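**Q** The structure under discussion is supplied below as structure tokens; questions concerning it will follow.
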Amino acid sequence: MNQKPRFISHEPLRFEEKEIISRSKELLELAQKRRSIREFSDKDIPFEVIKNVIMTASSAPSGAHKQPWTFCVVRSSEIKRQIRAAAEKEEKESYEGRMSEQWLKDLEPFGTDWRKPFLETVPWIIVVFKRAFEYENGEKHQNYYVNESVGIACGMLINAIHNAGLATLTHTPSPMNFLTKILDRPDNERPYLLLPVGHPAQEIKVPDLKRKSFEEVVKVFD
Ligand code: IYR
């Protein structure tokens, strides 16, 4: 039963300080150009790109390296239609009763409502499922730090999509269990996040948001 650790040599990245500074700045500048996009073009994206961004996400660290995620990639117009219909049904109920007054007020600057046409416009939808446990020889084996692991992978996925020059949106229709049904997922998987992926529409406007400053988000202990 006991597994001996097996270590192999690894060649980490090693740069001069000047390069470390410039590389960190480059990524920051790229990250600052990212916005959540709700208006997409129907222009296609090669499957190779989807594969690359997902495998970037799947390189994320995870509890005991269990990689507790499944990425469902949807291109089928029929499945996109079903996802849109089910998401809009839930969202309509949320906007028209389940969400608090305060929540609706907090969302006013974003101009969102229950309508999610982008779910049919985009060439691809990625639905991320977290794997709560694995079946091994008919036995249930829990995964570890599942939310943290899948959250990190999703962050890396969003960054990879942005880096490729594509647009996405973290969409969490609530409740999301219709995705389990439509995508026929097993009982060890739970929907975690839905990402429409596409080129941004020709003319887009985004809410006038400011990001918090360094001082607002950091406490330095020198
Ligand atoms: N899920 C809804 C509502 C929504 C909630 C939050 I918090 C947002 O940051 C944005 C939207 C929707 O997608 O419209």
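Residues in the structure tokens are numbered from 1 in each chain, the chains being A, B, ... in the order shown, and ligands are numbered from 1 in the order shown.
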What are the nearest atom pairs, with distances in Å to one decimal, for all residues of chain A that come at most 12 Å from ligand 1, using only C-alpha atoms and all ligand atoms, set out by chain and rising residue number as a tab-separated table?
**A**
```
residue	atom	partner	partner_atom_place_in_ligand_line	distance
A:Ser36	CA	ligand 1	9 (O)	9.9
A:Ile37	CA	ligand 1	10 (C)	11.4
A:Arg38	CA	ligand 1	13 (O)	9.7
A:Arg84	CA	ligand 1	13 (O)	11.5
A:Ala87	CA	ligand 1	13 (O)	8.8
A:Glu88	CA	ligand 1	14 (O)	9.0
A:Lys89	CA	ligand 1	2 (C)	11.5
A:Glu90	CA	ligand 1	1 (N)	9.0
A:Glu91	CA	ligand 1	2 (C)	6.1
A:Lys92	CA	ligand 1	14 (O)	9.1
A:Glu93	CA	ligand 1	2 (C)	10.5
A:Ser94	CA	ligand 1	2 (C)	7.6
A:Tyr95	CA	ligand 1	3 (C)	7.5
A:Glu96	CA	ligand 1	3 (C)	11.3
A:Arg98	CA	ligand 1	3 (C)	10.5
A:Met99	CA	ligand 1	3 (C)	8.4
A:Ser100	CA	ligand 1	5 (C)	11.1
A:Gln102	CA	ligand 1	7 (I)	11.1
A:Trp103	CA	ligand 1	7 (I)	7.5
A:Leu104	CA	ligand 1	3 (C)	8.3
A:Lys105	CA	ligand 1	5 (C)	10.9
A:Asp106	CA	ligand 1	7 (I)	8.2
A:Leu107	CA	ligand 1	10 (C)	6.4
A:Glu108	CA	ligand 1	10 (C)	9.6
A:Pro109	CA	ligand 1	10 (C)	10.1
A:Phe110	CA	ligand 1	10 (C)	7.4
A:Gly111	CA	ligand 1	14 (O)	9.0
A:Thr112	CA	ligand 1	14 (O)	5.3
A:Asp113	CA	ligand 1	14 (O)	5.4
A:Trp114	CA	ligand 1	14 (O)	5.7
A:Arg115	CA	ligand 1	14 (O)	7.7
A:Lys116	CA	ligand 1	14 (O)	7.7
A:Pro117	CA	ligand 1	14 (O)	11.4
A:Phe118	CA	ligand 1	13 (O)	11.1
A:Leu119	CA	ligand 1	13 (O)	11.1
A:Leu169	CA	ligand 1	13 (O)	9.1
A:Thr170	CA	ligand 1	13 (O)	8.2
A:His171	CA	ligand 1	13 (O)	5.3
A:Thr172	CA	ligand 1	1 (N)	5.1
A:Pro173	CA	ligand 1	1 (N)	4.5
A:Ser174	CA	ligand 1	1 (N)	6.1
A:Pro175	CA	ligand 1	1 (N)	9.1
A:Met176	CA	ligand 1	1 (N)	9.9
A:Leu193	CA	ligand 1	1 (N)	10.7
A:Leu194	CA	ligand 1	13 (O)	10.0
A:Leu195	CA	ligand 1	13 (O)	11.0
A:Pro196	CA	ligand 1	13 (O)	11.6
A:Pro207	CA	ligand 1	9 (O)	11.8
```
**Q** Counting only C-alpha atoms, what is within 7 Å of stretch 130-144 of chain A, bar same-chain residues fewer than 6 positions away, as a list in words?
**A** Gly63, Ala64, Lys66, Pro68, Trp69, Thr70, Val150, Asn188, Glu189, Arg190, Pro191 and Tyr192 of chain A
**Q** Applying 12 Å and only C-alpha atoms, which residues near A:Asp44 remain after dropping the ones on its own chain fewer than 5 positions away? List them as a ChimeraX atom specification.
**A** /A:49-50,75,121-125,166,197-200
**Q** Please produce a file of the residues just selected, as a PDB file, in the first residue's frame, where the atoms kept are C-alpha atoms.
**A**
```
ATOM      1  CA  VAL A  49      -6.639  26.906 -28.984  1.00  0.00           C
ATOM      2  CA  ILE A  50      -9.324  25.502 -26.688  1.00  0.00           C
ATOM      3  CA  ARG A  75     -19.483  23.384 -29.634  1.00  0.00           C
ATOM      4  CA  THR A 121     -23.352  33.357 -29.959  1.00  0.00           C
ATOM      5  CA  VAL A 122     -19.974  32.057 -28.807  1.00  0.00           C
ATOM      6  CA  PRO A 123     -18.204  29.300 -30.731  1.00  0.00           C
ATOM      7  CA  TRP A 124     -17.310  27.474 -27.501  1.00  0.00           C
ATOM      8  CA  ILE A 125     -18.588  27.136 -23.982  1.00  0.00           C
ATOM      9  CA  LEU A 166      -9.854  35.948 -26.697  1.00  0.00           C
ATOM     10  CA  VAL A 197     -15.184  31.689 -24.999  1.00  0.00           C
ATOM     11  CA  GLY A 198     -15.040  33.759 -28.165  1.00  0.00           C
ATOM     12  CA  HIS A 199     -13.733  36.786 -29.940  1.00  0.00           C
ATOM     13  CA  PRO A 200     -15.184  39.978 -28.536  1.00  0.00           C
TER      14      PRO A 200
END
```
**Q** Could you check how far atom CA of A:Ser213 sits from atom CA of A:Ile152, in Å to one decimal?
**A**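 Separating atom CA of A:Ser213 from atom CA of A:Ile152 is a distance of 22.4 Å.
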**Q** From a DSSP calculation on the backbone, collect every residue of stretch 4-188 of chain A in strand (DSSP E or B) and output the set as a list in words.
**A**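 Strand (DSSP E or B) members of stretch 4-188 of chain A, listed: Phe40, Trp69, Thr70, Phe71, Cys72, Val73, Val74, Trp124, Ile125, Ile126, Val127, Val128, Phe129, Lys130, Arg131, Phe133, Glu134, Tyr135, Glu136, Glu139, Lys140, His141, Gln142, Ala167, Thr168 and His171 of chain A.
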**Q** May I have the selected residues written with N, CA, C and O atoms, as a JSON list (two decimals), in the first residue's frame?
**A**
```
[["chain", "number", "residue", "atom", "x", "y", "z"],
["A", 40, "PHE", "N", -20.17, 39.00, -27.64],
["A", 40, "PHE", "CA", -19.21, 38.19, -28.40],
["A", 40, "PHE", "C", -19.55, 38.17, -29.88],
["A", 40, "PHE", "O", -20.70, 38.35, -30.27],
["A", 69, "TRP", "N", -10.70, 18.05, -11.66],
["A", 69, "TRP", "CA", -11.51, 18.86, -12.58],
["A", 69, "TRP", "C", -11.83, 18.10, -13.85],
["A", 69, "TRP", "O", -11.09, 17.21, -14.28],
["A", 70, "THR", "N", -12.96, 18.44, -14.44],
["A", 70, "THR", "CA", -13.31, 17.98, -15.79],
["A", 70, "THR", "C", -13.78, 19.22, -16.55],
["A", 70, "THR", "O", -14.59, 19.99, -16.04],
["A", 71, "PHE", "N", -13.24, 19.41, -17.74],
["A", 71, "PHE", "CA", -13.63, 20.55, -18.57],
["A", 71, "PHE", "C", -14.52, 20.02, -19.69],
["A", 71, "PHE", "O", -14.06, 19.24, -20.53],
["A", 72, "CYS", "N", -15.77, 20.41, -19.69],
["A", 72, "CYS", "CA", -16.65, 20.02, -20.81],
["A", 72, "CYS", "C", -16.60, 21.14, -21.83],
["A", 72, "CYS", "O", -16.87, 22.30, -21.48],
["A", 73, "VAL", "N", -16.23, 20.82, -23.05],
["A", 73, "VAL", "CA", -16.17, 21.86, -24.08],
["A", 73, "VAL", "C", -17.32, 21.66, -25.05],
["A", 73, "VAL", "O", -17.46, 20.59, -25.64],
["A", 74, "VAL", "N", -18.13, 22.69, -25.16],
["A", 74, "VAL", "CA", -19.36, 22.57, -25.94],
["A", 74, "VAL", "C", -19.26, 23.39, -27.21],
["A", 74, "VAL", "O", -19.05, 24.61, -27.17],
["A", 124, "TRP", "N", -17.57, 28.51, -28.51],
["A", 124, "TRP", "CA", -17.31, 27.47, -27.50],
["A", 124, "TRP", "C", -17.82, 27.90, -26.13],
["A", 124, "TRP", "O", -17.71, 29.07, -25.76],
["A", 125, "ILE", "N", -18.33, 26.93, -25.42],
["A", 125, "ILE", "CA", -18.59, 27.14, -23.98],
["A", 125, "ILE", "C", -17.74, 26.10, -23.26],
["A", 125, "ILE", "O", -17.73, 24.92, -23.64],
["A", 126, "ILE", "N", -17.01, 26.56, -22.25],
["A", 126, "ILE", "CA", -16.30, 25.60, -21.39],
["A", 126, "ILE", "C", -17.06, 25.54, -20.07],
["A", 126, "ILE", "O", -17.27, 26.57, -19.42],
["A", 127, "VAL", "N", -17.49, 24.35, -19.69],
["A", 127, "VAL", "CA", -18.13, 24.18, -18.39],
["A", 127, "VAL", "C", -17.16, 23.39, -17.52],
["A", 127, "VAL", "O", -16.77, 22.27, -17.86],
["A", 128, "VAL", "N", -16.75, 24.02, -16.42],
["A", 128, "VAL", "CA", -15.79, 23.38, -15.53],
["A", 128, "VAL", "C", -16.55, 22.65, -14.42],
["A", 128, "VAL", "O", -17.42, 23.25, -13.76],
["A", 129, "PHE", "N", -16.24, 21.39, -14.24],
["A", 129, "PHE", "CA", -16.82, 20.60, -13.15],
["A", 129, "PHE", "C", -15.73, 20.29, -12.14],
["A", 129, "PHE", "O", -14.58, 20.01, -12.51],
["A", 130, "LYS", "N", -16.10, 20.36, -10.85],
["A", 130, "LYS", "CA", -15.16, 19.90, -9.82],
["A", 130, "LYS", "C", -15.48, 18.45, -9.52],
["A", 130, "LYS", "O", -16.65, 18.03, -9.58],
["A", 131, "ARG", "N", -14.46, 17.69, -9.24],
["A", 131, "ARG", "CA", -14.63, 16.27, -8.94],
["A", 131, "ARG", "C", -14.47, 16.10, -7.43],
["A", 131, "ARG", "O", -13.36, 16.16, -6.90],
["A", 133, "PHE", "N", -14.98, 13.53, -5.55],
["A", 133, "PHE", "CA", -14.30, 12.27, -5.21],
["A", 133, "PHE", "C", -14.10, 11.46, -6.47],
["A", 133, "PHE", "O", -14.64, 11.78, -7.53],
["A", 134, "GLU", "N", -13.28, 10.42, -6.35],
["A", 134, "GLU", "CA", -13.03, 9.51, -7.48],
["A", 134, "GLU", "C", -13.52, 8.12, -7.09],
["A", 134, "GLU", "O", -13.46, 7.75, -5.92],
["A", 135, "TYR", "N", -13.96, 7.38, -8.07],
["A", 135, "TYR", "CA", -14.26, 5.97, -7.84],
["A", 135, "TYR", "C", -13.03, 5.17, -8.22],
["A", 135, "TYR", "O", -12.53, 5.27, -9.33],
["A", 136, "GLU", "N", -12.48, 4.42, -7.26],
["A", 136, "GLU", "CA", -11.35, 3.55, -7.58],
["A", 136, "GLU", "C", -11.72, 2.14, -7.12],
["A", 136, "GLU", "O", -11.95, 1.92, -5.93],
["A", 139, "GLU", "N", -14.62, 1.94, -4.98],
["A", 139, "GLU", "CA", -14.58, 2.66, -3.70],
["A", 139, "GLU", "C", -14.50, 4.15, -3.95],
["A", 139, "GLU", "O", -13.84, 4.59, -4.89],
["A", 140, "LYS", "N", -15.13, 4.90, -3.02],
["A", 140, "LYS", "CA", -15.05, 6.36, -3.14],
["A", 140, "LYS", "C", -13.78, 6.87, -2.49],
["A", 140, "LYS", "O", -13.49, 6.54, -1.33],
["A", 141, "HIS", "N", -13.01, 7.67, -3.21],
["A", 141, "HIS", "CA", -11.81, 8.31, -2.64],
["A", 141, "HIS", "C", -11.99, 9.82, -2.74],
["A", 141, "HIS", "O", -12.11, 10.35, -3.84],
["A", 142, "GLN", "N", -12.02, 10.48, -1.57],
["A", 142, "GLN", "CA", -12.20, 11.94, -1.56],
["A", 142, "GLN", "C", -11.03, 12.64, -2.22],
["A", 142, "GLN", "O", -9.89, 12.20, -2.10],
["A", 167, "ALA", "N", -11.86, 36.42, -25.49],
["A", 167, "ALA", "CA", -12.65, 36.99, -24.40],
["A", 167, "ALA", "C", -13.46, 35.93, -23.69],
["A", 167, "ALA", "O", -13.83, 34.91, -24.29],
["A", 168, "THR", "N", -13.72, 36.16, -22.43],
["A", 168, "THR", "CA", -14.58, 35.26, -21.67],
["A", 168, "THR", "C", -15.29, 36.02, -20.56],
["A", 168, "THR", "O", -15.09, 37.22, -20.37],
["A", 171, "HIS", "N", -19.30, 33.01, -15.73],
["A", 171, "HIS", "CA", -20.76, 32.96, -15.61],
["A", 171, "HIS", "C", -21.15, 31.82, -14.67],
["A", 171, "HIS", "O", -20.74, 30.68, -14.87]]
```
**Q** How far is it from atom CA of A:Val146 to atom CA of A:Asp187, in Å with one decimal?
**A** 15.1 Å
**Q** Considering only C-alpha atoms, can you say which of A:Leu209, A:Ile83, A:Ile161, A:Tyr145 comes closest to A:Met55?
**A**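 Nearest to A:Met55: A:Ile161.
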**Q** When you look at stretch 27-29 of chain A with a cut-off of 12 Å (counting only C-alpha atoms), what residues show up, excluding the ones that are within fewer than 4 positions of it in the same chain? I need them as an MDAnalysis selection string.
**A** chainID A and resid 20:23 33:34 159:160 162:163
**Q** Limited to N, CA, C and O atoms, could you put the picked residues into a file as a compact mmCIF listing (two decimals), in the first residue's frame?
**A**
```txt
# COMPACT_ATOMS: atom_id res chain seq x y z
N ILE A 20 13.57 39.31 -14.50
CA ILE A 20 12.46 38.95 -13.60
C ILE A 20 11.52 40.16 -13.46
O ILE A 20 10.29 40.03 -13.54
N ILE A 21 12.13 41.33 -13.30
CA ILE A 21 11.32 42.55 -13.16
C ILE A 21 10.53 42.80 -14.45
O ILE A 21 9.31 43.02 -14.41
N SER A 22 11.19 42.72 -15.58
CA SER A 22 10.47 43.05 -16.81
C SER A 22 9.40 42.01 -17.13
O SER A 22 8.31 42.36 -17.60
N ARG A 23 9.66 40.76 -16.84
CA ARG A 23 8.65 39.73 -17.10
C ARG A 23 7.43 39.91 -16.19
O ARG A 23 6.29 39.73 -16.61
N LYS A 33 -5.30 44.58 -18.93
CA LYS A 33 -6.14 44.79 -20.13
C LYS A 33 -7.34 43.84 -20.17
O LYS A 33 -8.17 43.92 -21.06
N ARG A 34 -7.40 42.91 -19.22
CA ARG A 34 -8.51 41.95 -19.25
C ARG A 34 -9.79 42.56 -18.70
O ARG A 34 -9.76 43.23 -17.68
N ASN A 159 -6.76 33.45 -17.56
CA ASN A 159 -5.54 34.14 -18.00
C ASN A 159 -5.07 33.62 -19.36
O ASN A 159 -4.64 34.40 -20.21
N ALA A 160 -5.18 32.33 -19.57
CA ALA A 160 -4.75 31.73 -20.84
C ALA A 160 -5.65 32.20 -21.98
O ALA A 160 -5.18 32.49 -23.08
N HIS A 162 -7.34 35.00 -22.09
CA HIS A 162 -7.00 36.42 -22.31
C HIS A 162 -5.67 36.55 -23.06
O HIS A 162 -5.55 37.33 -24.00
N ASN A 163 -4.70 35.77 -22.64
CA ASN A 163 -3.38 35.82 -23.27
C ASN A 163 -3.44 35.47 -24.76
O ASN A 163 -2.68 35.99 -25.57
```
